[in-house]
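Student: As input, take coords.txt (compact mmCIF, C-alpha atoms):
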```txt
# COMPACT_ATOMS: atom_id res chain seq x y z
CA MET A 1 -24.46 12.67 5.09
CA ASN A 2 -21.66 13.77 2.82
CA GLY A 3 -22.76 11.96 -0.34
CA PHE A 4 -20.62 8.90 0.31
CA THR A 5 -21.93 5.51 -0.71
CA LEU A 6 -19.92 2.30 -0.64
CA HIS A 7 -18.98 1.08 -4.12
CA ALA A 8 -21.04 -1.97 -5.12
CA ASP A 9 -17.89 -4.04 -5.77
CA PHE A 10 -17.27 -4.47 -2.05
CA GLU A 11 -20.58 -6.11 -1.18
CA PRO A 12 -20.08 -9.56 -2.76
CA THR A 13 -16.42 -9.91 -1.73
CA SER A 14 -16.39 -8.62 1.84
CA VAL A 15 -18.42 -8.32 5.04
CA ALA A 16 -19.15 -5.16 7.04
CA VAL A 17 -17.21 -5.01 10.32
CA GLY A 18 -18.08 -1.51 11.54
CA GLU A 19 -17.28 2.16 11.29
CA LEU A 20 -14.18 4.02 12.48
CA ALA A 21 -14.04 7.82 12.55
CA LEU A 22 -13.03 8.02 8.88
CA CYS A 23 -13.31 4.56 7.38
CA SER A 24 -15.82 1.80 6.93
CA VAL A 25 -14.08 -1.45 7.83
CA ARG A 26 -14.74 -4.61 5.81
CA LEU A 27 -13.50 -8.17 6.29
CA GLN A 28 -12.45 -9.68 2.97
CA ALA A 29 -14.45 -12.90 2.46
CA ASP A 30 -11.37 -15.05 1.95
CA ALA A 31 -10.34 -17.28 4.86
CA ARG A 32 -6.90 -17.86 3.34
CA PHE A 33 -5.69 -14.49 4.60
CA PRO A 34 -6.61 -12.29 7.58
CA TRP A 35 -7.56 -9.31 5.47
CA LEU A 36 -9.33 -6.06 6.25
CA ILE A 37 -10.29 -3.24 3.91
CA LEU A 38 -10.59 0.37 4.98
CA VAL A 39 -12.82 2.61 2.89
CA PRO A 40 -12.69 6.32 3.79
CA ARG A 41 -16.23 7.69 3.80
CA ARG A 42 -15.45 10.54 1.45
CA PRO A 43 -17.24 10.84 -1.89
CA GLY A 44 -15.38 10.94 -5.18
CA VAL A 45 -11.94 10.08 -3.80
CA SER A 46 -9.82 7.57 -5.69
CA ASP A 47 -6.25 8.36 -4.65
CA LEU A 48 -4.68 8.99 -1.23
CA ASP A 49 -3.57 12.47 -2.17
CA HIS A 50 -7.16 13.47 -2.90
CA LEU A 51 -7.87 13.27 0.83
CA GLU A 52 -7.46 16.41 2.91
CA ALA A 53 -4.50 16.45 5.30
CA ALA A 54 -6.62 15.82 8.40
CA ASP A 55 -8.23 12.82 6.73
CA ARG A 56 -4.84 11.49 5.64
CA ALA A 57 -3.68 11.63 9.26
CA ARG A 58 -6.85 9.81 10.36
CA LEU A 59 -6.30 7.22 7.67
CA MET A 60 -2.75 6.54 8.87
CA ASP A 61 -4.07 6.12 12.43
CA GLU A 62 -6.82 3.78 11.24
CA GLN A 63 -4.35 1.76 9.18
CA VAL A 64 -2.36 1.17 12.35
CA LEU A 65 -5.53 0.16 14.20
CA ALA A 66 -6.40 -2.21 11.37
CA MET A 67 -2.91 -3.70 11.45
CA GLY A 68 -3.45 -4.53 15.13
CA ALA A 69 -6.84 -6.02 14.31
CA VAL A 70 -5.35 -8.16 11.55
CA ARG A 71 -2.71 -9.42 13.96
CA ALA A 72 -5.51 -10.25 16.44
CA LEU A 73 -7.45 -11.97 13.68
CA GLY A 74 -4.45 -14.13 12.82
CA GLU A 75 -4.16 -15.15 16.49
CA ALA A 76 -7.89 -15.92 16.68
CA LEU A 77 -7.64 -18.15 13.61
CA LEU A 78 -4.54 -19.84 15.14
CA ARG A 79 -2.41 -18.57 12.27
CA PRO A 80 -0.44 -15.63 13.69
CA VAL A 81 0.81 -13.31 11.00
CA THR A 82 4.48 -12.41 10.60
CA LYS A 83 4.18 -9.60 8.03
CA LEU A 84 1.57 -7.03 7.11
CA ASN A 85 0.88 -5.81 3.60
CA VAL A 86 -0.77 -2.39 3.44
CA ALA A 87 -1.81 -1.18 0.02
CA ALA A 88 -4.02 1.32 -1.74
CA LEU A 89 -4.28 0.02 -5.32
CA GLY A 90 -7.75 0.60 -6.75
CA ASN A 91 -7.10 -0.37 -10.35
CA MET A 92 -10.31 -2.42 -10.42
CA THR A 93 -12.51 -0.58 -7.91
CA PRO A 94 -11.83 3.13 -8.17
CA GLN A 95 -13.23 4.16 -4.77
CA LEU A 96 -10.24 4.75 -2.47
CA HIS A 97 -9.67 1.77 -0.19
CA VAL A 98 -6.71 0.37 1.70
CA HIS A 99 -6.00 -3.34 1.99
CA VAL A 100 -4.47 -4.50 5.29
CA ILE A 101 -3.45 -8.11 4.89
CA GLY A 102 -1.71 -10.44 7.32
CA ARG A 103 0.88 -12.69 5.76
CA ARG A 104 2.80 -15.84 6.71
CA SER A 105 5.58 -17.67 4.93
CA ASP A 106 3.25 -20.68 4.59
CA ASP A 107 0.26 -18.83 3.17
CA ALA A 108 -1.35 -19.46 -0.22
CA ALA A 109 0.50 -16.67 -2.07
CA TRP A 110 3.77 -16.08 -0.18
CA PRO A 111 5.99 -14.29 -1.05
CA ALA A 112 3.90 -12.86 -3.90
CA PRO A 113 1.16 -10.30 -3.28
CA VAL A 114 -2.25 -11.89 -2.69
CA TRP A 115 -4.24 -10.22 -5.47
CA GLY A 116 -5.24 -12.53 -8.28
CA VAL A 117 -3.73 -15.63 -6.67
CA GLY A 118 -6.03 -18.67 -6.71
CA SER A 119 -9.64 -18.44 -5.59
CA PRO A 120 -11.08 -17.02 -2.39
CA GLN A 121 -11.88 -19.62 0.27
CA PRO A 122 -15.13 -18.74 2.02
CA TYR A 123 -15.21 -18.54 5.82
CA SER A 124 -17.34 -21.16 7.54
CA ASP A 125 -20.18 -19.63 9.57
CA THR A 126 -18.31 -20.39 12.79
CA ALA A 127 -15.00 -18.99 11.57
CA LEU A 128 -16.72 -15.86 10.28
CA MET A 129 -18.34 -15.22 13.69
CA LEU A 130 -15.00 -15.77 15.38
CA ALA A 131 -13.22 -13.51 12.89
CA LEU A 132 -15.72 -10.66 13.17
CA SER A 133 -15.64 -10.90 16.95
CA ALA A 134 -11.83 -10.79 17.06
CA VAL A 135 -11.66 -7.82 14.70
CA ARG A 136 -14.41 -5.86 16.46
CA ASP A 137 -12.79 -6.47 19.84
CA ALA A 138 -9.43 -5.26 18.52
CA LEU A 139 -11.04 -2.16 16.97
CA ARG A 140 -13.27 -1.61 20.03
CA LEU A 141 -16.36 -1.63 17.84
CA MET B 1 23.68 8.30 12.48
CA ASN B 2 20.94 6.12 13.84
CA GLY B 3 22.23 2.75 12.65
CA PHE B 4 20.20 2.76 9.43
CA THR B 5 21.70 1.22 6.33
CA LEU B 6 19.82 0.63 3.10
CA HIS B 7 19.05 -3.04 2.47
CA ALA B 8 21.29 -4.46 -0.27
CA ASP B 9 18.25 -5.61 -2.30
CA PHE B 10 17.51 -2.05 -3.41
CA GLU B 11 20.88 -1.35 -5.04
CA PRO B 12 20.58 -3.51 -8.19
CA THR B 13 16.90 -2.73 -8.84
CA SER B 14 16.68 1.01 -8.21
CA VAL B 15 18.57 4.29 -8.41
CA ALA B 16 19.08 6.84 -5.64
CA VAL B 17 17.01 10.00 -6.13
CA GLY B 18 17.68 11.87 -2.89
CA GLU B 19 16.74 12.24 0.75
CA LEU B 20 13.53 13.59 2.24
CA ALA B 21 13.22 14.33 5.97
CA LEU B 22 12.34 10.72 6.78
CA CYS B 23 12.82 8.65 3.66
CA SER B 24 15.46 7.82 1.11
CA VAL B 25 13.82 8.06 -2.30
CA ARG B 26 14.70 5.54 -5.03
CA LEU B 27 13.60 5.32 -8.67
CA GLN B 28 12.72 1.76 -9.61
CA ALA B 29 14.89 0.77 -12.59
CA ASP B 30 11.93 -0.23 -14.74
CA ALA B 31 10.91 2.17 -17.48
CA ARG B 32 7.55 0.43 -17.92
CA PHE B 33 6.14 2.21 -14.87
CA PRO B 34 6.86 5.59 -13.22
CA TRP B 35 7.74 4.06 -9.85
CA LEU B 36 9.34 5.49 -6.73
CA ILE B 37 10.26 3.70 -3.52
CA LEU B 38 10.37 5.43 -0.14
CA VAL B 39 12.58 3.86 2.51
CA PRO B 40 12.25 5.40 6.00
CA ARG B 41 15.74 5.80 7.47
CA ARG B 42 14.92 3.95 10.66
CA PRO B 43 16.81 0.79 11.61
CA GLY B 44 15.08 -2.51 12.23
CA VAL B 45 11.63 -1.45 11.03
CA SER B 46 9.68 -3.84 8.81
CA ASP B 47 6.04 -2.84 9.29
CA LEU B 48 4.32 0.56 9.24
CA ASP B 49 3.10 0.21 12.80
CA HIS B 50 6.68 -0.16 14.04
CA LEU B 51 7.25 3.51 13.20
CA GLU B 52 6.62 6.08 15.91
CA ALA B 53 3.58 8.30 15.40
CA ALA B 54 5.61 11.33 14.31
CA ASP B 55 7.40 9.24 11.70
CA ARG B 56 4.13 7.78 10.47
CA ALA B 57 2.83 11.31 9.93
CA ARG B 58 6.04 12.20 8.07
CA LEU B 59 5.69 9.09 5.97
CA MET B 60 2.14 10.00 4.96
CA ASP B 61 3.35 13.48 3.97
CA GLU B 62 6.24 12.03 1.98
CA GLN B 63 3.93 9.53 0.27
CA VAL B 64 1.85 12.46 -0.96
CA LEU B 65 4.99 14.24 -2.17
CA ALA B 66 6.07 11.07 -3.96
CA MET B 67 2.65 10.74 -5.57
CA GLY B 68 3.08 14.23 -7.02
CA ALA B 69 6.55 13.31 -8.21
CA VAL B 70 5.27 10.15 -9.88
CA ARG B 71 2.60 12.21 -11.66
CA ALA B 72 5.34 14.61 -12.79
CA LEU B 73 7.45 11.67 -13.93
CA GLY B 74 4.59 10.31 -16.01
CA GLU B 75 4.21 13.72 -17.67
CA ALA B 76 7.96 13.95 -18.34
CA LEU B 77 7.91 10.52 -20.00
CA LEU B 78 4.85 11.60 -22.04
CA ARG B 79 2.77 8.90 -20.36
CA PRO B 80 0.62 10.74 -17.79
CA VAL B 81 -0.64 8.44 -15.07
CA THR B 82 -4.31 8.05 -14.24
CA LYS B 83 -4.03 6.04 -11.01
CA LEU B 84 -1.52 5.71 -8.24
CA ASN B 85 -0.75 2.47 -6.39
CA VAL B 86 0.75 3.00 -2.94
CA ALA B 87 1.85 -0.11 -1.10
CA ALA B 88 4.03 -1.31 1.77
CA LEU B 89 4.48 -5.03 1.12
CA GLY B 90 7.98 -6.19 2.07
CA ASN B 91 7.49 -9.93 1.73
CA MET B 92 10.77 -10.24 -0.15
CA THR B 93 12.80 -7.34 1.28
CA PRO B 94 11.98 -6.97 4.96
CA GLN B 95 13.19 -3.38 5.40
CA LEU B 96 10.11 -1.15 5.48
CA HIS B 97 9.57 0.54 2.13
CA VAL B 98 6.63 2.04 0.30
CA HIS B 99 6.07 1.64 -3.42
CA VAL B 100 4.46 4.60 -5.20
CA ILE B 101 3.61 3.54 -8.72
CA GLY B 102 1.89 5.43 -11.49
CA ARG B 103 -0.53 3.38 -13.53
CA ARG B 104 -2.34 3.70 -16.87
CA SER B 105 -4.96 1.50 -18.45
CA ASP B 106 -2.50 0.72 -21.27
CA ASP B 107 0.46 -0.22 -19.08
CA ALA B 108 2.20 -3.60 -19.04
CA ALA B 109 0.31 -4.99 -16.05
CA TRP B 110 -3.05 -3.17 -15.94
CA PRO B 111 -5.32 -3.82 -14.08
CA ALA B 112 -3.18 -6.25 -12.08
CA PRO B 113 -0.58 -5.08 -9.57
CA VAL B 114 2.86 -4.64 -11.13
CA TRP B 115 4.89 -6.98 -8.92
CA GLY B 116 6.08 -10.12 -10.66
CA VAL B 117 4.65 -9.16 -14.05
CA GLY B 118 7.06 -9.63 -16.95
CA SER B 119 10.63 -8.33 -16.79
CA PRO B 120 11.88 -4.85 -15.90
CA GLN B 121 12.70 -2.67 -18.89
CA PRO B 122 15.86 -0.65 -18.24
CA TYR B 123 15.77 3.12 -18.73
CA SER B 124 17.96 4.45 -21.54
CA ASP B 125 20.64 6.83 -20.26
CA THR B 126 18.70 9.78 -21.67
CA ALA B 127 15.39 8.69 -20.19
CA LEU B 128 17.00 8.05 -16.82
CA MET B 129 18.47 11.58 -16.74
CA LEU B 130 15.10 13.00 -17.71
CA ALA B 131 13.31 10.88 -15.10
CA LEU B 132 15.66 11.77 -12.25
CA SER B 133 15.46 15.43 -13.17
CA ALA B 134 11.66 15.40 -13.22
CA VAL B 135 11.45 13.59 -9.89
CA ARG B 136 14.03 15.77 -8.17
CA ASP B 137 12.32 18.93 -9.43
CA ALA B 138 8.97 17.71 -8.12
CA LEU B 139 10.49 16.80 -4.74
CA ARG B 140 12.58 20.00 -4.66
CA LEU B 141 15.75 17.96 -4.20
```
Step by step, read the file and then write its structure as structure tokens.
Tutor:
Amino acid sequence: MNGFTLHADFEPTSVAVGELALCSVRLQADARFPWLILVPRRPGVSDLDHLEAADRARLMDEQVLAMGAVRALGEALLRPVTKLNVAALGNMTPQLHVHVIGRRSDDAAWPAPVWGVGSPQPYSDTALMLALSAVRDALRL
Amino acid sequence: MNGFTLHADFEPTSVAVGELALCSVRLQADARFPWLILVPRRPGVSDLDHLEAADRARLMDEQVLAMGAVRALGEALLRPVTKLNVAALGNMTPQLHVHVIGRRSDDAAWPAPVWGVGSPQPYSDTALMLALSAVRDALRL
């Protein structure tokens, strides 16, 4: 263990998908958008440039993996995405995390960013199983 | 030349800073936030995972450089930043670009993302010269 613990903010708003080499992967609990969150398992890191170079390279690789998984998730939910938003913000939850969000021109926020728009729409149990399965397959988890 | 031309959307909203190995660097013309934009000089690329692996590695390196430059810009403007937002969105302007934005808990949008909040505040001529100088020094341009 390296002293990393997931920030408590993530638990009520997202679901654990699995672990990549660097990041814990979470599915945002909002069926309006195919949306993954990557959380590097490094303690005390709030900004990208706090990561060491090797971890930054891993993070870029895992972002690309997550982008593929979000595309797969869009297909599985029969709403293929046409644009990806990739963002490390962290104004609310200081632990470094990267949002990877699939977008469509008919989605609930387009063309604005998704944060703060409307209210999350919970996944049904069936859709959540389907979503987790699609994402884990794409990430080979 | 590789066929790259800067998307016309960037011209009215930002100012050219200089060229890194991969990216053109622009200063967003909004004095409310120390805000750089990196545009990889690759034609026809709209999402991060369209870049080749070597370019993705360069982009990560240049993001870190830009983060340092945004910190330096905040210092130069006597408003040191406490958080960085790094985001590739591109819902409006499809050419791949990465926002690197310095944030403070007393800024005009905190803790929300900056996009779409209020109206840009132009730099004064003096502040713009100071800002460009600080950013170019930090980027060694």
Student: Could you give me, as CSV, every chain B residue with an atom at most 9 Å from chain A, plus its closest atom pair and distance in Å to one decimal, counting all atoms listed in the file, rows ordered by chain then number?
Tutor:
```
residue,atom,partner,partner_atom,distance
B:Ser46,CA,A:Lys83,CA,8.0
B:Asp47,CA,A:Leu84,CA,6.5
B:Leu48,CA,A:Val64,CA,7.4
B:Asp49,CA,A:Val64,CA,5.6
B:Ala53,CA,A:Asp61,CA,8.5
B:Arg56,CA,A:Met60,CA,7.2
B:Ala57,CA,A:Ala57,CA,6.6
B:Met60,CA,A:Met60,CA,7.2
B:Asp61,CA,A:Ala53,CA,8.5
B:Gln63,CA,A:Asp49,CA,8.4
B:Val64,CA,A:Asp49,CA,5.6
B:Leu65,CA,A:Asp49,CA,8.7
B:Met67,CA,A:Asp49,CA,7.3
B:Gly68,CA,A:Asp49,CA,8.4
B:Lys83,CA,A:Asp47,CA,7.1
B:Leu84,CA,A:Asp47,CA,6.5
B:Asn85,CA,A:Leu89,CA,4.4
B:Val86,CA,A:Ala88,CA,5.2
B:Ala87,CA,A:Ala87,CA,4.0
B:Ala88,CA,A:Val86,CA,5.2
B:Leu89,CA,A:Asn85,CA,4.4
B:Gly90,CA,A:Asn85,CA,7.3
B:Asn91,CA,A:Pro111,CA,5.4
B:Met92,CA,A:Pro111,CA,6.3
B:Pro94,CA,A:Lys83,CA,8.8
B:Arg103,CA,A:Asn91,CA,8.2
B:Ser105,CA,A:Asn91,CA,8.6
B:Trp110,CA,A:Asn91,CA,7.4
B:Pro111,CA,A:Asn91,CA,5.4
B:Ala112,CA,A:Asn91,CA,7.3
B:Pro113,CA,A:Trp115,CA,7.5
B:Trp115,CA,A:Pro113,CA,7.5
B:Gly116,CA,A:Ala112,CA,7.6
```
Student: Between atom CA of A:Ala131 and atom CA of A:Ala29, what is the spacing in Å?
Tutor: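 Interatomic distance, atom CA of A:Ala29 to atom CA of A:Ala131: 10.5 Å.
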Student: List as a VMD selection string the residues having at least one atom at most 12 Å from position (-17.4, 0.8, 18.7) as given in the file, counting only C-alpha atoms.
Tutor: chain A and resid 17 to 21 24 to 25 133 135 to 141
Student: Output C-alpha atoms of each residue in that selection to a file, as a PDB file, in the frame of the given file.
Tutor:
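File written: part.pdb
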```
ATOM      1  CA  VAL A  17     -17.210  -5.010  10.320  1.00  0.00           C
ATOM      2  CA  GLY A  18     -18.080  -1.510  11.540  1.00  0.00           C
ATOM      3  CA  GLU A  19     -17.280   2.160  11.290  1.00  0.00           C
ATOM      4  CA  LEU A  20     -14.180   4.020  12.480  1.00  0.00           C
ATOM      5  CA  ALA A  21     -14.040   7.820  12.550  1.00  0.00           C
ATOM      6  CA  SER A  24     -15.820   1.800   6.930  1.00  0.00           C
ATOM      7  CA  VAL A  25     -14.080  -1.450   7.830  1.00  0.00           C
ATOM      8  CA  SER A 133     -15.640 -10.900  16.950  1.00  0.00           C
ATOM      9  CA  VAL A 135     -11.660  -7.820  14.700  1.00  0.00           C
ATOM     10  CA  ARG A 136     -14.410  -5.860  16.460  1.00  0.00           C
ATOM     11  CA  ASP A 137     -12.790  -6.470  19.840  1.00  0.00           C
ATOM     12  CA  ALA A 138      -9.430  -5.260  18.520  1.00  0.00           C
ATOM     13  CA  LEU A 139     -11.040  -2.160  16.970  1.00  0.00           C
ATOM     14  CA  ARG A 140     -13.270  -1.610  20.030  1.00  0.00           C
ATOM     15  CA  LEU A 141     -16.360  -1.630  17.840  1.00  0.00           C
TER      16      LEU A 141
END
```
Student: After a least-squares superposition on chain A over all sequentially paired C-alpha atoms, what is chain B as a short mmCIF file (atom, residue, chain, number, x, y, z; two decimals) with C-alpha atoms, in the coordinates of the input?
Tutor:
```cif
data_model
loop_
_atom_site.label_atom_id
_atom_site.label_comp_id
_atom_site.auth_asym_id
_atom_site.auth_seq_id
_atom_site.Cartn_x
_atom_site.Cartn_y
_atom_site.Cartn_z
CA MET B 1 -24.45 12.71 5.08
CA ASN B 2 -21.67 13.78 2.80
CA GLY B 3 -22.77 11.96 -0.35
CA PHE B 4 -20.63 8.88 0.30
CA THR B 5 -21.95 5.50 -0.72
CA LEU B 6 -19.93 2.30 -0.65
CA HIS B 7 -18.97 1.07 -4.12
CA ALA B 8 -21.05 -1.97 -5.11
CA ASP B 9 -17.89 -4.04 -5.77
CA PHE B 10 -17.27 -4.47 -2.05
CA GLU B 11 -20.60 -6.10 -1.19
CA PRO B 12 -20.10 -9.56 -2.75
CA THR B 13 -16.43 -9.91 -1.73
CA SER B 14 -16.40 -8.62 1.84
CA VAL B 15 -18.42 -8.32 5.04
CA ALA B 16 -19.14 -5.17 7.03
CA VAL B 17 -17.20 -5.01 10.30
CA GLY B 18 -18.06 -1.52 11.54
CA GLU B 19 -17.27 2.17 11.29
CA LEU B 20 -14.18 4.01 12.47
CA ALA B 21 -14.04 7.82 12.55
CA LEU B 22 -13.03 8.02 8.89
CA CYS B 23 -13.31 4.57 7.39
CA SER B 24 -15.82 1.80 6.93
CA VAL B 25 -14.07 -1.44 7.83
CA ARG B 26 -14.73 -4.61 5.81
CA LEU B 27 -13.50 -8.18 6.28
CA GLN B 28 -12.43 -9.69 2.97
CA ALA B 29 -14.44 -12.89 2.45
CA ASP B 30 -11.37 -15.05 1.96
CA ALA B 31 -10.35 -17.28 4.84
CA ARG B 32 -6.91 -17.87 3.33
CA PHE B 33 -5.69 -14.50 4.59
CA PRO B 34 -6.61 -12.31 7.60
CA TRP B 35 -7.55 -9.31 5.46
CA LEU B 36 -9.32 -6.06 6.25
CA ILE B 37 -10.28 -3.26 3.89
CA LEU B 38 -10.58 0.37 4.99
CA VAL B 39 -12.82 2.60 2.89
CA PRO B 40 -12.68 6.32 3.80
CA ARG B 41 -16.24 7.68 3.80
CA ARG B 42 -15.45 10.53 1.45
CA PRO B 43 -17.24 10.83 -1.90
CA GLY B 44 -15.39 10.93 -5.19
CA VAL B 45 -11.95 10.09 -3.81
CA SER B 46 -9.81 7.57 -5.69
CA ASP B 47 -6.24 8.37 -4.66
CA LEU B 48 -4.67 9.00 -1.25
CA ASP B 49 -3.57 12.49 -2.18
CA HIS B 50 -7.17 13.49 -2.89
CA LEU B 51 -7.87 13.28 0.84
CA GLU B 52 -7.45 16.43 2.91
CA ALA B 53 -4.49 16.45 5.30
CA ALA B 54 -6.61 15.82 8.40
CA ASP B 55 -8.21 12.81 6.74
CA ARG B 56 -4.84 11.49 5.64
CA ALA B 57 -3.68 11.63 9.26
CA ARG B 58 -6.85 9.82 10.34
CA LEU B 59 -6.29 7.22 7.67
CA MET B 60 -2.75 6.55 8.88
CA ASP B 61 -4.08 6.13 12.43
CA GLU B 62 -6.83 3.79 11.25
CA GLN B 63 -4.35 1.77 9.18
CA VAL B 64 -2.36 1.17 12.36
CA LEU B 65 -5.52 0.16 14.21
CA ALA B 66 -6.40 -2.21 11.37
CA MET B 67 -2.91 -3.70 11.46
CA GLY B 68 -3.44 -4.53 15.13
CA ALA B 69 -6.82 -6.02 14.31
CA VAL B 70 -5.35 -8.16 11.55
CA ARG B 71 -2.71 -9.43 13.99
CA ALA B 72 -5.50 -10.24 16.45
CA LEU B 73 -7.44 -11.97 13.68
CA GLY B 74 -4.45 -14.13 12.82
CA GLU B 75 -4.16 -15.14 16.48
CA ALA B 76 -7.89 -15.93 16.69
CA LEU B 77 -7.63 -18.16 13.61
CA LEU B 78 -4.55 -19.84 15.15
CA ARG B 79 -2.42 -18.58 12.27
CA PRO B 80 -0.44 -15.63 13.70
CA VAL B 81 0.82 -13.31 11.00
CA THR B 82 4.47 -12.40 10.61
CA LYS B 83 4.16 -9.59 8.04
CA LEU B 84 1.57 -7.03 7.14
CA ASN B 85 0.87 -5.82 3.59
CA VAL B 86 -0.77 -2.40 3.45
CA ALA B 87 -1.80 -1.18 0.02
CA ALA B 88 -4.03 1.34 -1.75
CA LEU B 89 -4.29 0.02 -5.31
CA GLY B 90 -7.77 0.60 -6.75
CA ASN B 91 -7.11 -0.37 -10.34
CA MET B 92 -10.30 -2.42 -10.44
CA THR B 93 -12.50 -0.59 -7.91
CA PRO B 94 -11.83 3.13 -8.17
CA GLN B 95 -13.22 4.14 -4.76
CA LEU B 96 -10.24 4.75 -2.47
CA HIS B 97 -9.65 1.77 -0.20
CA VAL B 98 -6.72 0.37 1.71
CA HIS B 99 -6.01 -3.34 2.00
CA VAL B 100 -4.46 -4.50 5.29
CA ILE B 101 -3.44 -8.11 4.90
CA GLY B 102 -1.71 -10.43 7.31
CA ARG B 103 0.87 -12.69 5.75
CA ARG B 104 2.79 -15.84 6.72
CA SER B 105 5.56 -17.67 4.94
CA ASP B 106 3.24 -20.68 4.58
CA ASP B 107 0.24 -18.82 3.16
CA ALA B 108 -1.35 -19.45 -0.24
CA ALA B 109 0.49 -16.68 -2.07
CA TRP B 110 3.76 -16.10 -0.17
CA PRO B 111 5.99 -14.29 -1.06
CA ALA B 112 3.89 -12.84 -3.88
CA PRO B 113 1.15 -10.28 -3.27
CA VAL B 114 -2.25 -11.89 -2.69
CA TRP B 115 -4.25 -10.21 -5.46
CA GLY B 116 -5.24 -12.53 -8.28
CA VAL B 117 -3.73 -15.63 -6.68
CA GLY B 118 -6.01 -18.67 -6.72
CA SER B 119 -9.64 -18.44 -5.60
CA PRO B 120 -11.07 -17.01 -2.38
CA GLN B 121 -11.88 -19.60 0.27
CA PRO B 122 -15.14 -18.74 2.02
CA TYR B 123 -15.20 -18.55 5.82
CA SER B 124 -17.34 -21.18 7.55
CA ASP B 125 -20.17 -19.62 9.56
CA THR B 126 -18.31 -20.40 12.79
CA ALA B 127 -15.01 -18.99 11.57
CA LEU B 128 -16.71 -15.86 10.28
CA MET B 129 -18.34 -15.23 13.69
CA LEU B 130 -15.00 -15.78 15.38
CA ALA B 131 -13.22 -13.51 12.90
CA LEU B 132 -15.70 -10.65 13.18
CA SER B 133 -15.63 -10.91 16.95
CA ALA B 134 -11.83 -10.80 17.07
CA VAL B 135 -11.67 -7.83 14.70
CA ARG B 136 -14.40 -5.87 16.45
CA ASP B 137 -12.78 -6.48 19.84
CA ALA B 138 -9.43 -5.26 18.53
CA LEU B 139 -11.03 -2.16 16.98
CA ARG B 140 -13.26 -1.61 20.04
CA LEU B 141 -16.36 -1.65 17.83
#
```
Student: Env of A:His7: 12 Å cut, atoms = only C-alpha atoms, seq-sep filter 3 positions within chain, self excluded. Answer as a ChimeraX atom specification.
Tutor: /A:4,10-14,24,39-46,90,92-97
Student: Got a sec: who's within 10 Å of B:Phe33, counting all atoms listed in the file, leaving out chain neighbours fewer than 4 positions off, as a ChimeraX atom specification?
Tutor: /B:28-29,70,73-74,77,79,81,101-104,107-109,114,120-121
Student: Report, in Å with one decimal, the straight-line distance from atom CA of A:Pro34 to atom CA of B:Glu52.
Tutor: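 These two atoms are separated by 24.1 Å.
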Student: Find the distance between atom CA of A:Ile37 and atom CA of A:Val15 and write it in Å to one decimal.
Tutor: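 Atom CA of A:Val15 lies at a distance of 9.7 Å from atom CA of A:Ile37.
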Student: Counting all atoms listed in the file, which of B:Ala76, B:Ala31, B:Leu22, B:Val117 gets nearest to B:Leu130?
Tutor: B:Ala76
